[in-house]
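Q: This one is work-v4.cif, mmCIF, C-alpha atoms.
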data_start
#
loop_
_atom_site.label_atom_id
_atom_site.label_comp_id
_atom_site.auth_asym_id
_atom_site.auth_seq_id
_atom_site.Cartn_x
_atom_site.Cartn_y
_atom_site.Cartn_z
CA MET X 5 -7.10 -44.04 108.42
CA ALA X 6 -5.68 -43.37 104.96
CA LYS X 7 -6.37 -45.06 101.63
CA TYR X 8 -3.57 -45.44 99.11
CA VAL X 9 -3.61 -46.70 95.54
CA ARG X 10 -1.13 -47.43 92.81
CA PHE X 11 -2.39 -46.45 89.39
CA LYS X 12 -1.58 -46.05 85.74
CA ARG X 13 -2.50 -43.08 83.61
CA GLY X 14 -1.25 -43.21 80.08
CA ALA X 15 2.32 -44.50 80.20
CA SER X 16 2.89 -43.25 83.75
CA THR X 17 2.58 -45.31 86.95
CA SER X 18 2.24 -43.57 90.32
CA TYR X 19 1.11 -43.93 93.91
CA GLY X 20 -1.63 -41.75 95.30
CA ILE X 21 -4.01 -41.02 98.14
CA LEU X 22 -7.61 -41.94 97.39
CA ASP X 23 -9.95 -39.17 98.50
CA GLY X 24 -13.47 -40.09 97.46
CA GLU X 25 -13.43 -40.13 93.65
CA ILE X 26 -10.19 -38.16 93.44
CA ILE X 27 -6.59 -39.42 93.61
CA ARG X 28 -3.92 -37.08 94.95
CA ALA X 29 -0.66 -38.19 93.34
CA LEU X 30 2.44 -38.96 95.40
CA ALA X 31 6.08 -38.61 94.38
CA GLY X 32 6.88 -42.09 95.71
CA SER X 33 5.46 -44.99 97.70
CA PRO X 34 3.61 -44.02 100.88
CA TRP X 35 5.82 -46.21 103.11
CA GLU X 36 8.82 -44.27 101.82
CA GLY X 37 7.14 -41.01 102.73
CA GLY X 38 6.26 -39.99 99.17
CA ALA X 39 5.02 -36.41 99.28
CA GLU X 40 2.02 -35.10 97.38
CA THR X 41 2.97 -33.67 94.00
CA GLY X 42 -0.06 -31.40 93.72
CA ALA X 43 -1.43 -33.35 90.76
CA THR X 44 -4.89 -34.86 91.04
CA HIS X 45 -6.76 -37.37 88.89
CA ALA X 46 -10.35 -38.54 88.72
CA LEU X 47 -10.63 -42.15 89.79
CA GLY X 48 -12.49 -42.94 86.58
CA ASP X 49 -9.60 -41.65 84.46
CA VAL X 50 -6.98 -44.09 85.73
CA THR X 51 -6.41 -47.84 85.88
CA LEU X 52 -5.85 -49.17 89.40
CA LEU X 53 -2.93 -51.55 89.86
CA ALA X 54 -1.92 -53.87 92.69
CA PRO X 55 -1.10 -51.40 95.50
CA THR X 56 2.58 -52.40 95.69
CA GLN X 57 5.29 -53.93 93.53
CA PRO X 58 6.41 -56.41 96.18
CA PRO X 59 9.99 -57.66 96.48
CA LYS X 60 8.38 -60.94 97.58
CA ILE X 61 5.03 -62.52 98.37
CA LEU X 62 4.47 -64.83 101.33
CA ALA X 63 1.23 -66.57 102.23
CA VAL X 64 -0.13 -68.54 105.17
CA GLY X 65 -2.08 -71.79 104.96
CA HIS X 66 -4.52 -73.27 107.48
CA ASN X 67 -4.86 -70.02 109.42
CA TYR X 68 -8.62 -69.90 110.10
CA ARG X 69 -10.31 -72.23 112.53
CA SER X 70 -13.28 -72.38 110.15
CA HIS X 71 -10.95 -73.56 107.37
CA VAL X 72 -8.98 -76.10 109.40
CA GLY X 73 -12.17 -77.73 110.67
CA ASP X 74 -11.48 -81.03 112.41
CA HIS X 75 -7.82 -81.12 111.36
CA LYS X 76 -4.99 -80.45 113.77
CA ILE X 77 -4.43 -76.78 114.61
CA PRO X 78 -0.93 -75.75 113.44
CA LYS X 79 1.57 -74.82 116.14
CA GLN X 80 3.16 -72.10 114.04
CA PRO X 81 2.17 -70.18 110.89
CA GLU X 82 2.35 -72.45 107.84
CA ILE X 83 4.07 -70.13 105.39
CA PHE X 84 4.81 -70.58 101.71
CA TYR X 85 5.91 -68.40 98.80
CA LYS X 86 3.99 -67.14 95.81
CA PRO X 87 6.15 -65.74 92.99
CA ILE X 88 5.97 -62.06 92.11
CA THR X 89 4.78 -63.06 88.62
CA ALA X 90 1.58 -64.42 90.20
CA LEU X 91 0.52 -60.88 91.15
CA GLN X 92 -2.57 -59.60 89.35
CA ASP X 93 -4.15 -56.14 89.40
CA PRO X 94 -7.69 -55.40 90.53
CA GLY X 95 -9.92 -55.91 87.53
CA GLY X 96 -7.33 -58.04 85.74
CA PRO X 97 -8.23 -61.57 84.66
CA ILE X 98 -7.40 -64.72 86.58
CA ILE X 99 -6.08 -66.99 83.86
CA ILE X 100 -6.76 -70.72 84.16
CA PRO X 101 -3.56 -72.46 82.99
CA PRO X 102 -3.56 -75.30 80.47
CA ASP X 103 -4.26 -78.70 82.09
CA ALA X 104 -5.72 -77.11 85.25
CA THR X 105 -8.86 -78.98 86.31
CA ARG X 106 -9.72 -77.83 89.84
CA VAL X 107 -8.96 -74.17 90.51
CA HIS X 108 -10.34 -72.64 93.72
CA LEU X 109 -10.75 -69.12 95.04
CA GLU X 110 -9.41 -68.09 98.46
CA GLY X 111 -10.43 -64.64 99.68
CA GLU X 112 -7.84 -63.23 102.09
CA LEU X 113 -6.66 -60.21 104.05
CA VAL X 114 -3.21 -59.17 102.80
CA VAL X 115 -0.60 -57.42 104.94
CA VAL X 116 1.76 -54.85 103.37
CA ILE X 117 5.13 -54.44 105.09
CA GLY X 118 6.28 -50.86 105.61
CA ARG X 119 9.81 -51.20 106.94
CA ARG X 120 12.77 -53.55 106.87
CA THR X 121 12.04 -56.16 109.52
CA ARG X 122 14.22 -58.90 110.97
CA ASN X 123 13.79 -60.91 114.20
CA ALA X 124 10.87 -58.72 115.22
CA SER X 125 8.92 -59.13 118.42
CA VAL X 126 5.15 -59.18 118.07
CA THR X 127 5.06 -55.52 119.09
CA GLU X 128 7.77 -54.61 116.58
CA ALA X 129 6.03 -56.67 113.91
CA ARG X 130 2.76 -54.82 114.46
CA ALA X 131 4.59 -51.51 113.91
CA ALA X 132 6.16 -52.91 110.72
CA ILE X 133 2.74 -53.42 109.10
CA PHE X 134 2.08 -50.40 106.93
CA GLY X 135 -1.46 -51.42 106.03
CA VAL X 136 -3.68 -54.06 104.54
CA THR X 137 -5.52 -54.81 101.33
CA CYS X 138 -7.69 -57.53 99.76
CA GLY X 139 -6.26 -60.61 98.07
CA ASN X 140 -7.16 -63.90 96.46
CA ASP X 141 -4.80 -66.87 96.94
CA VAL X 142 -5.95 -68.73 93.83
CA SER X 143 -5.09 -72.44 94.07
CA GLU X 144 -5.15 -75.47 91.77
CA ARG X 145 -6.12 -78.34 94.07
CA GLU X 146 -4.99 -81.24 91.88
CA TRP X 147 -1.49 -79.75 91.68
CA GLN X 148 -1.58 -78.92 95.38
CA SER X 149 -2.82 -82.17 96.92
CA GLY X 150 -4.44 -84.35 94.25
CA ALA X 151 -3.13 -87.15 92.07
CA SER X 152 -1.04 -84.64 90.09
CA LYS X 153 0.49 -82.92 93.12
CA ASP X 154 4.01 -81.54 92.90
CA LEU X 155 6.83 -81.63 95.43
CA GLN X 156 6.13 -77.95 96.13
CA TRP X 157 3.19 -75.61 95.41
CA TRP X 158 5.13 -73.73 92.72
CA ARG X 159 2.31 -73.94 90.18
CA ALA X 160 -0.64 -74.83 92.43
CA LYS X 161 -0.33 -71.48 94.20
CA GLY X 162 2.10 -69.65 91.94
CA ALA X 163 0.80 -69.80 88.39
CA ASP X 164 0.61 -66.45 86.60
CA THR X 165 -2.30 -64.28 87.88
CA PHE X 166 -2.86 -66.51 90.96
CA ALA X 167 -2.33 -63.58 93.37
CA PRO X 168 -4.86 -60.83 92.67
CA CYS X 169 -4.45 -57.94 95.09
CA GLY X 170 -6.03 -54.54 95.80
CA PRO X 171 -7.70 -52.26 94.98
CA VAL X 172 -6.83 -50.05 97.96
CA LEU X 173 -4.16 -50.16 100.67
CA VAL X 174 -5.63 -48.98 103.97
CA THR X 175 -3.80 -48.00 107.16
CA ASP X 176 -4.83 -47.83 110.81
CA LEU X 177 -7.59 -50.43 110.75
CA ASP X 178 -8.00 -53.03 113.47
CA TYR X 179 -6.65 -55.72 111.15
CA ASP X 180 -7.60 -58.63 113.39
CA HIS X 181 -11.27 -57.65 113.67
CA LEU X 182 -12.56 -57.20 110.13
CA ARG X 183 -15.35 -58.90 108.21
CA LEU X 184 -14.19 -60.76 105.10
CA GLN X 185 -16.65 -61.88 102.44
CA THR X 186 -16.00 -63.59 99.13
CA ARG X 187 -18.63 -63.69 96.42
CA LEU X 188 -18.72 -65.92 93.35
CA ASN X 189 -21.01 -64.54 90.65
CA GLY X 190 -22.83 -62.51 93.30
CA GLU X 191 -23.33 -65.41 95.73
CA THR X 192 -21.54 -65.20 99.08
CA VAL X 193 -19.34 -68.28 99.44
CA GLN X 194 -17.11 -67.11 102.32
CA ASP X 195 -18.18 -64.92 105.25
CA GLN X 196 -16.00 -64.73 108.35
CA ARG X 197 -14.25 -62.25 110.60
CA THR X 198 -10.49 -62.07 110.86
CA ASP X 199 -10.98 -62.74 114.59
CA ASP X 200 -11.16 -66.39 113.49
CA MET X 201 -7.50 -66.38 112.44
CA ILE X 202 -5.33 -68.78 114.42
CA PHE X 203 -2.30 -66.47 114.11
CA ASP X 204 -3.00 -62.75 113.97
CA CYS X 205 -1.24 -60.41 111.57
CA ALA X 206 1.51 -59.32 113.96
CA SER X 207 2.27 -62.90 115.00
CA ILE X 208 2.62 -63.93 111.35
CA VAL X 209 5.00 -61.05 110.60
CA SER X 210 7.03 -61.75 113.74
CA PHE X 211 7.41 -65.45 112.93
CA ALA X 212 8.32 -64.89 109.28
CA SER X 213 10.90 -62.25 110.21
CA ARG X 214 12.83 -64.80 112.28
CA PHE X 215 13.90 -66.56 109.10
CA VAL X 216 13.38 -64.15 106.20
CA THR X 217 14.11 -60.44 106.26
CA LEU X 218 10.93 -58.60 105.33
CA THR X 219 11.31 -55.50 103.21
CA PRO X 220 9.07 -52.51 102.41
CA GLY X 221 6.32 -53.42 99.97
CA ASP X 222 6.37 -57.14 100.74
CA LEU X 223 2.96 -58.82 100.75
CA ILE X 224 1.76 -61.51 103.16
CA TYR X 225 -1.53 -63.26 102.37
CA THR X 226 -2.89 -64.25 105.81
CA GLY X 227 -5.09 -67.26 105.01
CA THR X 228 -8.63 -67.98 103.90
CA PRO X 229 -11.71 -68.81 106.00
CA GLY X 230 -14.31 -71.53 105.68
CA ARG X 231 -14.63 -73.52 102.51
CA THR X 232 -13.27 -72.59 99.12
CA SER X 233 -15.12 -72.84 95.80
CA GLN X 234 -14.12 -74.02 92.36
CA ILE X 235 -13.96 -71.36 89.66
CA GLY X 236 -13.95 -71.40 85.87
CA PRO X 237 -13.86 -69.12 82.83
CA GLY X 238 -16.47 -66.37 82.96
CA ASP X 239 -16.83 -66.37 86.73
CA LEU X 240 -16.63 -63.09 88.67
CA ILE X 241 -14.90 -63.19 92.06
CA GLU X 242 -15.28 -60.39 94.61
CA VAL X 243 -13.25 -60.25 97.82
CA ASP X 244 -14.93 -57.69 100.08
CA ILE X 245 -13.20 -56.69 103.33
CA GLU X 246 -14.64 -54.26 105.84
CA GLY X 247 -12.95 -50.86 105.73
CA ILE X 248 -10.95 -51.66 102.59
CA GLY X 249 -13.22 -52.24 99.62
CA ILE X 250 -13.84 -54.87 96.97
CA LEU X 251 -11.28 -56.70 94.85
CA ARG X 252 -12.96 -57.84 91.63
CA ASN X 253 -11.46 -60.25 89.09
CA ARG X 254 -13.05 -62.24 86.32
CA VAL X 255 -11.79 -65.69 85.34
CA ALA X 256 -10.59 -66.49 81.83
CA ALA X 257 -9.09 -69.49 80.04
CA ASP X 258 -5.53 -69.35 78.77
#
Kindly transcribe the structure held in the file into structure tokens.
A:
Amino acid sequence: MAKYVRFKRGASTSYGILDGEIIRALAGSPWEGGAETGATHALGDVTLLAPTQPPKILAVGHNYRSHVGDHKIPKQPEIFYKPITALQDPGGPIIIPPDATRVHLEGELVVVIGRRTRNASVTEARAAIFGVTCGNDVSEREWQSGASKDLQWWRAKGADTFAPCGPVLVTDLDYDHLRLQTRLNGETVQDQRTDDMIFDCASIVSFASRFVTLTPGDLIYTGTPGRTSQIGPGDLIEVDIEGIGILRNRVAAD
């Protein structure tokens, strides 16, 4: 198991290996084989960023049995896009847009693609997963399914800062058997294992690759468990996934 981060120090942005409280800098992204430069930094001296600059962001809806409830189980992964501009760093604010009235958190496991992938079998798709991180598929319910809903979820799921991600990218975990907890102001509001996913990580990657070529650094948010909770300015959201760490973001008004 290895832990990777992307970080900023001064005007410089780099990838690195997280080793306790020390970051060992890399010359490039880990999925491109970036070698260690020999430079090291104290974790407290840098600002952690989202662990990749993704060419694209996909996400899956209705992928936990505990979230679907009594509704019909989907026959295939229900995939949608989130724009790259929705990405937010760990510790960065989730900004509530003007006119938003019902914004919800959605704690999720996020897959990071490590190689160009097209028409992959499930076995090939599993090998294409470089690692995983924590994410929050922030959603405005009125724009998604309420009286003000749009033709597509372009703003309900894609408003700026609606895709927090990080803080660490971890490899070689058993991605389909991890505990996921989401806390709102210290109270646990989601607590489920990824075993509850209807489509596991490799099946999602395989299905998506039949229609869209996946490229290194792409992110796939794999769905949220249980019920979601409304959030507002001042709230602190923590997505805590076993073996990865805790993604923390505070909510602010635009």
Q: Which residues fall under the PyMOL selection byres ((chain X and resi 65) around 9) in this file, as an MDAnalysis selection string?
A: chainID X and resid 63:64 66:68 81:84 225:228
Q: Using all atoms listed in the file, which residues sit within 9 Å of segment 7-12 of chain X once same-chain residues fewer than 6 positions away are excluded, as a list in words?
A: Ser18, Tyr19, Gly20, Ile21, Leu22, Asp23, Ile27, Ser33, Pro34, Val50, Thr51, Leu52, Leu53, Ala54, Pro55, Thr56, Gly170, Pro171, Val172, Leu173, Val174, Thr175 and Ile248 of chain X
Q: Write out as number ranges by chain which residues come within 12 Å of Asp141 of chain X when counting only C-alpha atoms, dropping same-chain ones fewer than 2 positions away.
A: X: 61-65, 84-87, 90-92, 98, 107-114, 138-139, 143-145, 157, 160-169, 186, 223-229, 232-233, 241, 243
Q: Taking (-14.5, -58.5, 98.8) in the file's coordinates as the center, which residues reach within 7 Å of it, counting only C-alpha atoms, put as number ranges by chain?
A: X: 138, 184-186, 242-245, 249-251
Q: Taking into account only C-alpha atoms, which residue in the set X:Ala256, X:Val116, X:Arg231, X:Ser210 is nearest to Gln80 of chain X?
A: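 Smallest separation from Gln80 of chain X among the options: X:Ser210.
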Q: Near Glu40 of chain X, counting all atoms listed in the file, which residues have an atom at most 8 Å away, once you skip same-chain residues fewer than 4 positions from it, shown as a list in words?
A: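 The filter keeps Gly20, Arg28, Ala29, Leu30 and Ala31 of chain X.
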Q: Show which residues sit within 12 Å of Val126 of chain X, as a list of chain:residue names. Count all atoms listed in the file, and ignore same-chain residues fewer than 5 positions away.
A: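 Near Val126 of chain X, the qualifying residues are X:Thr121, X:Ala131, X:Ala132, X:Ile133, X:Phe203, X:Asp204, X:Cys205, X:Ala206, X:Ser207, X:Ile208, X:Val209, X:Ser210, X:Phe211, X:Ala212, X:Ser213, X:Arg214.
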Q: So how far away is atom CA of Glu146 of chain X from atom CA of Pro97 of chain X, in Å?
A: 21.2 Å
Q: Just to confirm, what's the straight-line distance from atom CA of Arg183 of chain X to atom CA of Ala129 of chain X in Å (one decimal)?
A: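 Result for atom CA of Arg183 of chain X versus atom CA of Ala129 of chain X: 22.2 Å, one decimal.
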Q: May I ask which of the residues X:Ala104, X:Ala151, X:Val72, X:Ala124 is the closest one to Leu218 of chain X, counting only C-alpha atoms?
A: X:Ala124
Q: Measuring atom to atom with only C-alpha atoms, identify which of X:Glu128, X:Glu36, X:Asp49, X:Asp180 is nearest to Gln196 of chain X.
A: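 So, comparing all the options, the nearest one is X:Asp180.
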Q: So how far away is atom CA of Val142 of chain X from atom CA of Asp74 of chain X, in Å?
A: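 Result for atom CA of Asp74 of chain X versus atom CA of Val142 of chain X: 23.0 Å, one decimal.
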